[in-house]
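Data from run27.cif: mmCIF, C-alpha atoms
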```cif
data_data
loop_
_atom_site.label_atom_id
_atom_site.label_comp_id
_atom_site.auth_asym_id
_atom_site.auth_seq_id
_atom_site.Cartn_x
_atom_site.Cartn_y
_atom_site.Cartn_z
CA MET A 25 128.70 218.45 61.22
CA SER A 26 127.27 214.95 61.32
CA LEU A 27 129.22 211.78 62.02
CA SER A 28 128.80 208.57 60.02
CA LEU A 29 128.85 205.83 62.62
CA THR A 30 128.78 202.95 60.15
CA ARG A 31 130.37 200.91 62.90
CA VAL A 32 131.00 201.87 66.51
CA PRO A 33 134.64 201.30 67.51
CA GLN A 34 135.03 197.94 69.23
CA THR A 35 136.68 199.63 72.20
CA ILE A 36 133.42 201.46 72.91
CA VAL A 37 131.35 198.29 72.50
CA ASP A 38 133.74 196.45 74.84
CA SER A 39 133.41 199.18 77.45
CA ASN A 40 129.59 199.19 77.22
CA VAL A 41 129.49 195.42 77.62
CA GLU A 42 132.02 195.29 80.45
CA ILE A 43 129.99 197.74 82.54
CA ALA A 44 126.69 196.02 81.77
CA LEU A 45 127.97 192.54 82.62
CA ALA A 46 129.62 193.75 85.82
CA GLU A 47 126.39 195.24 87.15
CA ASP A 48 124.41 192.11 86.26
CA ILE A 49 126.76 189.27 87.16
CA GLY A 50 128.56 190.82 90.12
CA SER A 51 130.27 188.03 92.06
CA GLY A 52 128.66 185.33 89.90
CA ASP A 53 125.44 184.01 88.36
CA ILE A 54 124.26 181.80 91.21
CA THR A 55 121.14 180.66 89.32
CA ALA A 56 122.98 179.56 86.16
CA ASP A 57 125.41 177.67 88.39
CA LEU A 58 122.57 175.29 89.25
CA LEU A 59 123.13 173.74 85.80
CA PRO A 60 125.90 171.20 85.20
CA ALA A 61 129.02 172.96 83.91
CA ASP A 62 129.30 170.60 80.96
CA ARG A 63 125.71 170.91 79.75
CA MET A 64 125.45 172.25 76.21
CA ALA A 65 122.31 173.87 74.81
CA GLU A 66 120.78 175.78 71.93
CA ALA A 67 118.60 178.86 72.15
CA THR A 68 116.45 180.90 69.79
CA VAL A 69 115.70 184.61 70.10
CA ILE A 70 112.53 185.92 68.47
CA THR A 71 110.89 189.33 68.27
CA ARG A 72 107.31 189.81 69.34
CA ASP A 73 107.19 193.23 67.64
CA ASP A 74 107.66 194.54 64.12
CA GLY A 75 110.73 196.74 64.04
CA VAL A 76 114.26 197.44 62.84
CA LEU A 77 117.20 195.37 64.05
CA CYS A 78 120.14 197.09 65.72
CA GLY A 79 122.77 195.95 68.21
CA GLN A 80 124.54 192.92 66.77
CA HIS A 81 128.00 194.12 67.84
CA TRP A 82 126.89 194.36 71.47
CA VAL A 83 125.16 190.97 71.52
CA THR A 84 128.15 189.23 69.96
CA THR A 85 130.51 190.88 72.43
CA VAL A 86 128.34 189.94 75.43
CA PHE A 87 128.44 186.23 74.67
CA ALA A 88 132.09 186.25 73.58
CA SER A 89 132.98 187.90 76.89
CA ILE A 90 131.16 185.22 78.87
CA ASP A 91 132.28 182.11 76.97
CA ASP A 92 134.10 182.03 73.65
CA ARG A 93 132.57 178.61 72.92
CA ILE A 94 129.18 180.22 72.28
CA ALA A 95 128.30 180.42 68.57
CA ILE A 96 125.77 182.88 67.17
CA GLU A 97 123.87 182.57 63.90
CA TRP A 98 122.01 185.70 62.84
CA SER A 99 118.89 185.63 60.70
CA ALA A 100 118.96 189.39 60.02
CA ALA A 101 121.47 192.24 59.91
CA ASP A 102 121.50 195.64 61.58
CA GLY A 103 119.13 197.91 59.69
CA ASP A 104 116.91 195.06 58.48
CA SER A 105 113.16 195.17 59.07
CA LEU A 106 111.78 192.54 61.44
CA THR A 107 108.30 191.03 61.60
CA ALA A 108 106.64 189.90 64.82
CA GLY A 109 107.34 186.22 65.39
CA GLN A 110 110.54 186.25 63.34
CA THR A 111 113.69 184.52 64.57
CA VAL A 112 116.43 187.11 65.10
CA PHE A 113 119.34 184.84 66.01
CA GLN A 114 120.20 181.41 67.38
CA LEU A 115 122.81 180.38 69.92
CA ARG A 116 124.76 177.21 70.64
CA GLY A 117 127.11 176.59 73.53
CA PRO A 118 127.39 176.00 77.28
CA ALA A 119 123.96 176.43 78.86
CA ARG A 120 125.34 178.44 81.77
CA GLY A 121 126.84 181.00 79.42
CA LEU A 122 123.67 181.31 77.35
CA LEU A 123 121.58 182.04 80.44
CA THR A 124 124.10 184.37 82.06
CA GLY A 125 124.36 186.52 78.93
CA GLU A 126 120.68 186.49 78.02
CA ARG A 127 119.43 189.61 79.81
CA THR A 128 122.42 191.83 79.10
CA ALA A 129 122.44 190.88 75.41
CA LEU A 130 118.70 191.42 75.02
CA ASN A 131 118.84 194.72 76.93
CA PHE A 132 121.26 196.09 74.35
CA LEU A 133 119.37 194.63 71.41
CA GLN A 134 115.89 195.72 72.47
CA THR A 135 117.02 199.25 73.35
CA LEU A 136 118.99 199.88 70.17
CA SER A 137 116.39 198.19 67.97
CA GLY A 138 113.73 200.35 69.61
CA THR A 139 115.77 203.45 68.74
CA ALA A 140 116.26 202.30 65.14
CA THR A 141 112.57 201.46 64.82
CA ARG A 142 111.47 204.91 65.95
CA CYS A 143 113.93 206.55 63.56
CA ARG A 144 112.65 204.46 60.64
CA ASP A 145 109.10 205.63 61.44
CA TYR A 146 110.16 209.29 61.45
CA ALA A 147 112.31 208.95 58.32
CA ARG A 148 109.46 207.45 56.32
CA ARG A 149 107.21 210.41 57.15
CA VAL A 150 109.49 212.81 55.24
CA GLU A 151 110.55 210.66 52.29
CA GLY A 152 110.84 212.73 49.14
CA THR A 153 111.11 216.11 50.90
CA GLY A 154 114.91 216.27 50.89
CA VAL A 155 115.09 217.15 54.58
CA ARG A 156 117.45 215.22 56.85
CA LEU A 157 116.37 214.24 60.35
CA LEU A 158 119.00 214.65 63.07
CA ASP A 159 119.37 213.19 66.53
CA THR A 160 120.52 215.21 69.57
CA ARG A 161 122.63 214.66 72.69
CA LYS A 162 119.53 213.43 74.55
CA THR A 163 120.82 209.88 74.80
CA LEU A 164 121.14 207.27 77.55
CA PRO A 165 124.26 207.98 79.64
CA GLY A 166 127.11 205.78 78.46
CA LEU A 167 125.29 204.71 75.29
CA ARG A 168 125.76 207.85 73.16
CA ALA A 169 127.67 206.13 70.36
CA ALA A 170 125.39 203.08 70.48
CA GLN A 171 122.19 205.08 70.13
CA LYS A 172 123.63 207.33 67.45
CA TYR A 173 124.59 204.21 65.51
CA ALA A 174 121.00 203.01 65.92
CA VAL A 175 119.77 206.32 64.52
CA LEU A 176 121.70 205.62 61.33
CA CYS A 177 120.36 202.07 61.16
CA GLY A 178 116.87 203.56 61.25
CA GLY A 179 117.54 205.93 58.34
CA CYS A 180 118.09 209.22 60.17
CA HIS A 181 121.32 211.17 60.68
CA ASN A 182 123.69 212.19 63.45
CA HIS A 183 124.13 215.72 64.74
CA ARG A 184 127.33 216.45 66.66
CA ILE A 185 128.45 213.58 68.86
CA GLY A 186 129.35 215.66 71.91
CA LEU A 187 130.57 219.04 73.07
CA TYR A 188 133.94 218.59 71.37
CA ASP A 189 133.34 218.04 67.65
CA ALA A 190 131.25 221.10 66.69
CA PHE A 191 130.10 224.41 68.12
CA LEU A 192 126.44 224.93 68.96
CA ILE A 193 126.19 228.49 70.25
CA LYS A 194 122.97 228.99 72.22
CA GLU A 195 121.30 231.88 74.04
CA ASN A 196 123.46 231.72 77.17
CA HIS A 197 126.67 231.46 75.15
CA ILE A 198 125.58 234.51 73.14
CA LEU A 199 124.79 236.52 76.28
CA ALA A 200 128.08 235.58 77.93
CA CYS A 201 130.11 236.42 74.83
CA GLY A 202 128.38 239.76 74.18
CA GLY A 203 126.43 238.91 71.03
CA ILE A 204 126.25 236.57 68.08
CA HIS A 205 129.12 238.12 66.13
CA ALA A 206 131.41 238.03 69.14
CA ALA A 207 130.53 234.42 69.92
CA VAL A 208 131.15 233.24 66.35
CA LEU A 209 134.45 235.15 66.21
CA ARG A 210 135.64 233.51 69.41
CA ALA A 211 134.66 230.11 68.07
CA ARG A 212 136.68 230.67 64.89
CA GLU A 213 139.70 231.78 66.92
CA SER A 214 139.56 229.03 69.54
CA ALA A 215 139.04 226.04 67.25
CA PRO A 216 139.66 226.82 63.57
CA GLY A 217 138.03 224.32 61.26
CA LYS A 218 135.35 223.18 63.68
CA PRO A 219 131.79 223.63 62.35
CA VAL A 220 129.89 226.55 63.88
CA GLU A 221 126.13 226.54 64.40
CA VAL A 222 124.13 229.26 66.14
CA GLU A 223 120.71 228.81 67.71
CA VAL A 224 118.39 231.76 67.10
CA GLU A 225 114.92 232.74 68.30
CA SER A 226 113.96 235.37 65.71
CA THR A 227 114.55 236.31 62.08
CA ASP A 228 116.62 239.27 63.28
CA GLU A 229 119.00 236.91 65.08
CA LEU A 230 118.99 234.69 61.99
CA LEU A 231 120.31 237.55 59.87
CA GLN A 232 122.97 238.30 62.48
CA ALA A 233 124.10 234.67 62.44
CA ILE A 234 124.29 234.63 58.64
CA ASP A 235 126.23 237.90 58.65
CA ALA A 236 128.63 236.39 61.19
CA GLY A 237 129.36 233.61 58.71
CA CYS A 238 128.22 230.51 60.59
CA GLU A 239 127.62 227.38 58.52
CA ARG A 240 124.30 226.41 60.06
CA VAL A 241 121.56 228.16 61.98
CA MET A 242 119.21 226.38 64.35
CA LEU A 243 115.71 227.88 64.28
CA ASP A 244 114.40 227.35 67.79
CA ASN A 245 110.63 226.84 68.08
CA PHE A 246 109.78 228.84 64.93
CA ASP A 247 106.19 228.40 63.75
CA LEU A 248 105.58 227.25 60.18
CA GLU A 249 105.08 230.75 58.77
CA THR A 250 108.31 232.02 60.34
CA LEU A 251 110.20 228.94 59.16
CA GLN A 252 109.12 229.69 55.60
CA GLU A 253 110.17 233.31 56.03
CA ALA A 254 113.56 232.18 57.37
CA VAL A 255 114.13 229.98 54.32
CA GLN A 256 113.38 232.91 51.99
CA LEU A 257 115.58 235.34 53.94
CA THR A 258 118.48 232.92 54.06
CA ASN A 259 118.31 232.09 50.34
CA GLY A 260 120.94 229.36 50.61
CA ARG A 261 123.54 231.43 52.50
CA ALA A 262 123.53 228.97 55.42
CA GLU A 263 122.03 225.61 56.28
CA LEU A 264 118.85 225.82 58.31
CA GLU A 265 117.86 223.42 61.08
CA ALA A 266 114.40 223.45 62.64
CA SER A 267 114.23 222.39 66.28
CA GLY A 268 111.81 222.30 69.19
CA ASN A 269 108.60 220.38 69.92
CA VAL A 270 108.76 218.32 66.74
CA THR A 271 106.25 215.45 66.67
CA LEU A 272 105.17 212.87 64.12
CA GLU A 273 102.09 214.99 63.50
CA THR A 274 104.03 218.22 62.75
CA LEU A 275 107.05 216.63 61.08
CA LEU A 276 105.94 216.70 57.44
CA SER A 277 104.64 220.27 57.64
CA ILE A 278 108.00 221.42 59.00
CA ALA A 279 109.87 219.50 56.29
CA LYS A 280 107.81 221.19 53.57
CA THR A 281 108.93 224.68 54.68
CA GLY A 282 112.26 224.03 52.93
CA VAL A 283 114.60 223.73 55.91
CA ASP A 284 117.63 221.50 55.43
CA PHE A 285 117.48 219.65 58.75
CA ILE A 286 115.10 218.89 61.59
CA SER A 287 116.60 217.88 64.94
CA ILE A 288 114.45 215.68 67.16
CA GLY A 289 115.25 214.67 70.73
CA ALA A 290 112.52 212.01 70.64
CA LEU A 291 114.57 209.90 68.22
CA THR A 292 116.68 208.69 71.14
CA LYS A 293 114.86 209.60 74.35
CA ASP A 294 111.27 208.42 73.80
CA CYS A 295 111.85 204.96 72.38
CA LYS A 296 109.86 201.82 73.11
CA PRO A 297 112.21 198.81 73.37
CA LEU A 298 111.54 195.96 70.98
CA ASP A 299 109.91 192.98 72.73
CA LEU A 300 112.38 190.08 72.43
CA SER A 301 112.29 186.60 73.87
CA MET A 302 114.90 183.84 74.23
CA ARG A 303 114.04 180.18 74.71
CA LEU A 304 116.43 177.27 75.27
CA THR A 305 115.84 174.16 73.14
#
```
Using C-alpha cells, write down the structure that the file contains.
Amino acid sequence: MSLSLTRVPQTIVDSNVEIALAEDIGSGDITADLLPADRMAEATVITRDDGVLCGQHWVTTVFASIDDRIAIEWSAADGDSLTAGQTVFQLRGPARGLLTGERTALNFLQTLSGTATRCRDYARRVEGTGVRLLDTRKTLPGLRAAQKYAVLCGGCHNHRIGLYDAFLIKENHILACGGIHAAVLRARESAPGKPVEVEVESTDELLQAIDAGCERVMLDNFDLETLQEAVQLTNGRAELEASGNVTLETLLSIAKTGVDFISIGALTKDCKPLDLSMRLT
C-alpha cells in the first residue's frame, strides 16, 4: 500500500518549480535588474539548524530554469544529516540569476528538509520495535509528492499517495455502503487488485473487517490496552495500523503494542522549516 518515492518524477518537480517561480518573479525581478547583466558571482548556502537534507531536485531545477549558466556544487545529499553552520551547497553564475532564484530555491529546501528532519526524529524513537511509521494525505497543496519524498529521506514510509491508489474505507463510507462487508465487497468489485484498508473504532468492527478479508485495518484512536487486545485478536490475519493523536511522547508505547504501522499526520503538517541562509561572495 505504500509507494517508494526514491525519486519524484521530473515532470512533477518541473511543475512545482514553474508555479513557484511564476508567483515570485511575475513580470520580472526588478531588484535583481539593478545589477549589471554581465556580473558573475559565487554564493554559499549554509544551515543554521541541525537537520536532514531534502530537496536537491527542486533547488537544481529552480536555478536551471532561471539561467542554465548557474553551476551548483553540493556538500551533502538528500537524506544526509546536517550540522548547524555547515555549508549545504555553493553556486556560481550570473549574479542576477543567483538572487532571483534564492528565495524559491530555499523555500523548497527548507520546507522539505524540515519534513525530513521531523521524520528522522520520529523514526529514531521507534528503532528496534519493527513498527513502520506512515505519513498521511495531510500535506501542503501541490507538494504531495515532494513531502512524501521527504518522509522517505527522513526514514519513515509512505501511506497511499492519494484517493486513487488504495482504498481507505472510513465510517461514512461504511454507513453509505450499508456495513463493512458490503463496503469491502464493493471495493473488490470496482477496482480488483487495489489494496483495501478499513478504519474501525472498536474490536467488534475489527473482527468484521478481518472477516471481510481486507489486507489492513486502521485502529482509530484505540487506547494502549485496546491496541494490545486488537493485536491478539487479529493474530496475524491482517496488518494493523494505529492512528489518531500520536505524539512523540506516546509513540514508543504504541509501537510496543505490536501493531505493524503507525500513521502520523504531524510528519508532514507540523514541520519547522530548516533555517537556511545564502550569501554572495
**OP:** Convert the output of the PyMOL selection byres ((chain A and resi 66-78) around 8) on the shown file into explicit residues, formatted as JSON, numbers by chain.
**Re:** {"A": [64, 65, 79, 80, 100, 101, 102, 103, 104, 105, 106, 107, 108, 109, 110, 111, 112, 113, 114, 115, 116, 117, 119, 122, 133, 136, 137, 138, 140, 141, 144, 174, 177, 178, 298, 299, 300, 301, 302, 303, 304, 305]}
Can you write just those residues out, C-alpha atoms, as a PDB file, in the frame of the given file?
```
ATOM      1  CA  MET A  64     125.450 172.250  76.210  1.00  0.00           C
ATOM      2  CA  ALA A  65     122.310 173.870  74.810  1.00  0.00           C
ATOM      3  CA  GLY A  79     122.770 195.950  68.210  1.00  0.00           C
ATOM      4  CA  GLN A  80     124.540 192.920  66.770  1.00  0.00           C
ATOM      5  CA  ALA A 100     118.960 189.390  60.020  1.00  0.00           C
ATOM      6  CA  ALA A 101     121.470 192.240  59.910  1.00  0.00           C
ATOM      7  CA  ASP A 102     121.500 195.640  61.580  1.00  0.00           C
ATOM      8  CA  GLY A 103     119.130 197.910  59.690  1.00  0.00           C
ATOM      9  CA  ASP A 104     116.910 195.060  58.480  1.00  0.00           C
ATOM     10  CA  SER A 105     113.160 195.170  59.070  1.00  0.00           C
ATOM     11  CA  LEU A 106     111.780 192.540  61.440  1.00  0.00           C
ATOM     12  CA  THR A 107     108.300 191.030  61.600  1.00  0.00           C
ATOM     13  CA  ALA A 108     106.640 189.900  64.820  1.00  0.00           C
ATOM     14  CA  GLY A 109     107.340 186.220  65.390  1.00  0.00           C
ATOM     15  CA  GLN A 110     110.540 186.250  63.340  1.00  0.00           C
ATOM     16  CA  THR A 111     113.690 184.520  64.570  1.00  0.00           C
ATOM     17  CA  VAL A 112     116.430 187.110  65.100  1.00  0.00           C
ATOM     18  CA  PHE A 113     119.340 184.840  66.010  1.00  0.00           C
ATOM     19  CA  GLN A 114     120.200 181.410  67.380  1.00  0.00           C
ATOM     20  CA  LEU A 115     122.810 180.380  69.920  1.00  0.00           C
ATOM     21  CA  ARG A 116     124.760 177.210  70.640  1.00  0.00           C
ATOM     22  CA  GLY A 117     127.110 176.590  73.530  1.00  0.00           C
ATOM     23  CA  ALA A 119     123.960 176.430  78.860  1.00  0.00           C
ATOM     24  CA  LEU A 122     123.670 181.310  77.350  1.00  0.00           C
ATOM     25  CA  LEU A 133     119.370 194.630  71.410  1.00  0.00           C
ATOM     26  CA  LEU A 136     118.990 199.880  70.170  1.00  0.00           C
ATOM     27  CA  SER A 137     116.390 198.190  67.970  1.00  0.00           C
ATOM     28  CA  GLY A 138     113.730 200.350  69.610  1.00  0.00           C
ATOM     29  CA  ALA A 140     116.260 202.300  65.140  1.00  0.00           C
ATOM     30  CA  THR A 141     112.570 201.460  64.820  1.00  0.00           C
ATOM     31  CA  ARG A 144     112.650 204.460  60.640  1.00  0.00           C
ATOM     32  CA  ALA A 174     121.000 203.010  65.920  1.00  0.00           C
ATOM     33  CA  CYS A 177     120.360 202.070  61.160  1.00  0.00           C
ATOM     34  CA  GLY A 178     116.870 203.560  61.250  1.00  0.00           C
ATOM     35  CA  LEU A 298     111.540 195.960  70.980  1.00  0.00           C
ATOM     36  CA  ASP A 299     109.910 192.980  72.730  1.00  0.00           C
ATOM     37  CA  LEU A 300     112.380 190.080  72.430  1.00  0.00           C
ATOM     38  CA  SER A 301     112.290 186.600  73.870  1.00  0.00           C
ATOM     39  CA  MET A 302     114.900 183.840  74.230  1.00  0.00           C
ATOM     40  CA  ARG A 303     114.040 180.180  74.710  1.00  0.00           C
ATOM     41  CA  LEU A 304     116.430 177.270  75.270  1.00  0.00           C
ATOM     42  CA  THR A 305     115.840 174.160  73.140  1.00  0.00           C
TER      43      THR A 305
END
```
Original post:
Taking (117.5, 211.4, 75.7) in the file's coordinates, which residues come within 12 Å, counting only C-alpha atoms, written as a list in words?
Top reply: Thr139, Asp159, Thr160, Arg161, Lys162, Thr163, Leu164, Pro165, Gly166, Leu167, Arg168, Gln171, Lys172, Ile288, Gly289, Ala290, Leu291, Thr292, Lys293, Asp294 and Cys295 of chain A
Can you write out the residues you just picked, keeping C-alpha atoms, as a CSV table (one decimal), in the coordinates of the input?
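Listing of part29.csv after writing:
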```
chain,number,residue,atom,x,y,z
A,139,THR,CA,115.8,203.4,68.7
A,159,ASP,CA,119.4,213.2,66.5
A,160,THR,CA,120.5,215.2,69.6
A,161,ARG,CA,122.6,214.7,72.7
A,162,LYS,CA,119.5,213.4,74.6
A,163,THR,CA,120.8,209.9,74.8
A,164,LEU,CA,121.1,207.3,77.6
A,165,PRO,CA,124.3,208.0,79.6
A,166,GLY,CA,127.1,205.8,78.5
A,167,LEU,CA,125.3,204.7,75.3
A,168,ARG,CA,125.8,207.8,73.2
A,171,GLN,CA,122.2,205.1,70.1
A,172,LYS,CA,123.6,207.3,67.4
A,288,ILE,CA,114.4,215.7,67.2
A,289,GLY,CA,115.2,214.7,70.7
A,290,ALA,CA,112.5,212.0,70.6
A,291,LEU,CA,114.6,209.9,68.2
A,292,THR,CA,116.7,208.7,71.1
A,293,LYS,CA,114.9,209.6,74.4
A,294,ASP,CA,111.3,208.4,73.8
A,295,CYS,CA,111.8,205.0,72.4
```
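What separates CA of Gly203 (chain A) from CA of Leu243 (chain A) is a distance of 16.8 Å.
Residue nearest Glu225 (chain A) within the list A:Leu192, A:Leu248, A:Met242, A:Ala61: A:Met242 [criterion: smallest interatomic distance, all atoms listed in the file].
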Original post:
Which of these residues is nearest to Ser267 (chain A), using only C-alpha atoms: A:Arg210, A:Lys218, A:Gly282, A:Leu157?
Top reply: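 Distance minimum relative to Ser267 (chain A) lands on A:Leu157.
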Subject >> Interatomic distance (Å, one decimal) between CA of Trp82 (chain A) and CA of Trp98 (chain A) >> reply: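 Pair CA of Trp82 (chain A) / CA of Trp98 (chain A) returns 13.2 Å.
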Extending 3 Å beyond the listed atoms of region 144-154 of chain A on each side, what axis-aligned box results? I want centre and edge lengths in Å to one decimal, as AutoDock Vina command-line options.
```
--center_x 111.1 --center_y 210.4 --center_z 55.3 --size_x 13.7 --size_y 17.8 --size_z 18.3
```
Subject >> Residue nearest Pro33 (chain A) among A:Ala169, A:Ala88, A:Leu276, A:Val241 (counting all atoms listed in the file) >> reply: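 Of A:Ala169, A:Ala88, A:Leu276, A:Val241, the one nearest Pro33 (chain A), counting all atoms listed in the file, is A:Ala169.
Every residue that the PyMOL selection byres ((chain A and resi 205) around 12) selects in this file is listed here: Ile193, His197, Ile198, Leu199, Cys201, Gly202, Gly203, Ile204, Ala206, Ala207, Val208, Leu209, Arg210, Ala211, Arg212, Val220, Val222, Glu229, Leu230, Leu231, Gln232, Ala233, Ile234, Asp235, Ala236, Gly237 and Cys238 of chain A.
The nearest approach to Ala46 (chain A) among the residues A:Gly268, A:Gly125, A:Pro219, A:Pro297, with all atoms listed in the file taken into account, belongs to A:Gly125.
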Set the distance at 10 Å and use all atoms listed in the file: which residues neighbour Ile278 (chain A) once local chain neighbours fewer than 4 positions away are removed? I'd like the list as a PDB file with C-alpha atoms, in the coordinates of the input.
```pdb
ATOM      1  CA  VAL A 150     109.490 212.810  55.240  1.00  0.00           C
ATOM      2  CA  VAL A 155     115.090 217.150  54.580  1.00  0.00           C
ATOM      3  CA  PHE A 246     109.780 228.840  64.930  1.00  0.00           C
ATOM      4  CA  ASP A 247     106.190 228.400  63.750  1.00  0.00           C
ATOM      5  CA  LEU A 248     105.580 227.250  60.180  1.00  0.00           C
ATOM      6  CA  GLU A 249     105.080 230.750  58.770  1.00  0.00           C
ATOM      7  CA  LEU A 251     110.200 228.940  59.160  1.00  0.00           C
ATOM      8  CA  GLN A 252     109.120 229.690  55.600  1.00  0.00           C
ATOM      9  CA  ALA A 266     114.400 223.450  62.640  1.00  0.00           C
ATOM     10  CA  SER A 267     114.230 222.390  66.280  1.00  0.00           C
ATOM     11  CA  VAL A 270     108.760 218.320  66.740  1.00  0.00           C
ATOM     12  CA  THR A 271     106.250 215.450  66.670  1.00  0.00           C
ATOM     13  CA  GLU A 273     102.090 214.990  63.500  1.00  0.00           C
ATOM     14  CA  THR A 274     104.030 218.220  62.750  1.00  0.00           C
ATOM     15  CA  GLY A 282     112.260 224.030  52.930  1.00  0.00           C
ATOM     16  CA  VAL A 283     114.600 223.730  55.910  1.00  0.00           C
ATOM     17  CA  PHE A 285     117.480 219.650  58.750  1.00  0.00           C
ATOM     18  CA  ILE A 286     115.100 218.890  61.590  1.00  0.00           C
TER      19      ILE A 286
END
```
Could I get region 236-243 of chain A rebuilt with all heavy atoms, written as an mmCIF file, in the coordinates of the input?
```cif
data_model
loop_
_atom_site.group_PDB
_atom_site.id
_atom_site.type_symbol
_atom_site.label_atom_id
_atom_site.label_comp_id
_atom_site.auth_asym_id
_atom_site.auth_seq_id
_atom_site.Cartn_x
_atom_site.Cartn_y
_atom_site.Cartn_z
ATOM 1 N N ALA A 236 127.430 236.800 60.461
ATOM 2 C CA ALA A 236 128.630 236.390 61.190
ATOM 3 C C ALA A 236 129.364 235.259 60.495
ATOM 4 O O ALA A 236 130.510 234.950 60.835
ATOM 5 C CB ALA A 236 128.257 235.979 62.609
ATOM 6 N N GLY A 237 128.698 234.627 59.522
ATOM 7 C CA GLY A 237 129.360 233.610 58.710
ATOM 8 C C GLY A 237 129.295 232.197 59.248
ATOM 9 O O GLY A 237 130.116 231.359 58.852
ATOM 10 N N CYS A 238 128.313 231.888 60.099
ATOM 11 C CA CYS A 238 128.220 230.510 60.590
ATOM 12 C C CYS A 238 127.643 229.602 59.510
ATOM 13 O O CYS A 238 126.865 230.034 58.657
ATOM 14 C CB CYS A 238 127.381 230.439 61.865
ATOM 15 S SG CYS A 238 125.670 230.922 61.665
ATOM 16 N N GLU A 239 128.011 228.333 59.561
ATOM 17 C CA GLU A 239 127.620 227.380 58.520
ATOM 18 C C GLU A 239 126.154 226.979 58.617
ATOM 19 O O GLU A 239 125.499 226.725 57.614
ATOM 20 C CB GLU A 239 128.464 226.106 58.583
ATOM 21 C CG GLU A 239 129.908 226.299 58.196
ATOM 22 C CD GLU A 239 130.796 226.495 59.413
ATOM 23 O OE1 GLU A 239 130.282 227.005 60.429
ATOM 24 O OE2 GLU A 239 131.989 226.164 59.337
ATOM 25 N N ARG A 240 125.662 226.891 59.856
ATOM 26 C CA ARG A 240 124.300 226.410 60.060
ATOM 27 C C ARG A 240 123.630 227.219 61.155
ATOM 28 O O ARG A 240 124.275 227.612 62.126
ATOM 29 C CB ARG A 240 124.283 224.925 60.423
ATOM 30 C CG ARG A 240 122.892 224.309 60.493
ATOM 31 C CD ARG A 240 122.923 222.863 60.946
ATOM 32 N NE ARG A 240 123.713 222.015 60.055
ATOM 33 C CZ ARG A 240 123.961 220.720 60.271
ATOM 34 N NH1 ARG A 240 123.471 220.132 61.356
ATOM 35 N NH2 ARG A 240 124.688 220.031 59.412
ATOM 36 N N VAL A 241 122.339 227.435 60.976
ATOM 37 C CA VAL A 241 121.560 228.160 61.980
ATOM 38 C C VAL A 241 120.422 227.265 62.452
ATOM 39 O O VAL A 241 119.685 226.700 61.636
ATOM 40 C CB VAL A 241 120.981 229.477 61.414
ATOM 41 C CG1 VAL A 241 120.212 230.230 62.504
ATOM 42 C CG2 VAL A 241 122.095 230.349 60.826
ATOM 43 N N MET A 242 120.300 227.147 63.766
ATOM 44 C CA MET A 242 119.210 226.380 64.350
ATOM 45 C C MET A 242 118.057 227.331 64.670
ATOM 46 O O MET A 242 118.219 228.304 65.411
ATOM 47 C CB MET A 242 119.662 225.670 65.634
ATOM 48 C CG MET A 242 118.544 224.885 66.315
ATOM 49 S SD MET A 242 119.071 224.119 67.868
ATOM 50 C CE MET A 242 120.079 222.782 67.239
ATOM 51 N N LEU A 243 116.897 227.046 64.098
ATOM 52 C CA LEU A 243 115.710 227.880 64.280
ATOM 53 C C LEU A 243 114.896 227.279 65.426
ATOM 54 O O LEU A 243 114.235 226.258 65.267
ATOM 55 C CB LEU A 243 114.903 227.918 62.987
ATOM 56 C CG LEU A 243 115.711 228.289 61.732
ATOM 57 C CD1 LEU A 243 114.858 228.108 60.480
ATOM 58 C CD2 LEU A 243 116.254 229.713 61.827
#
```
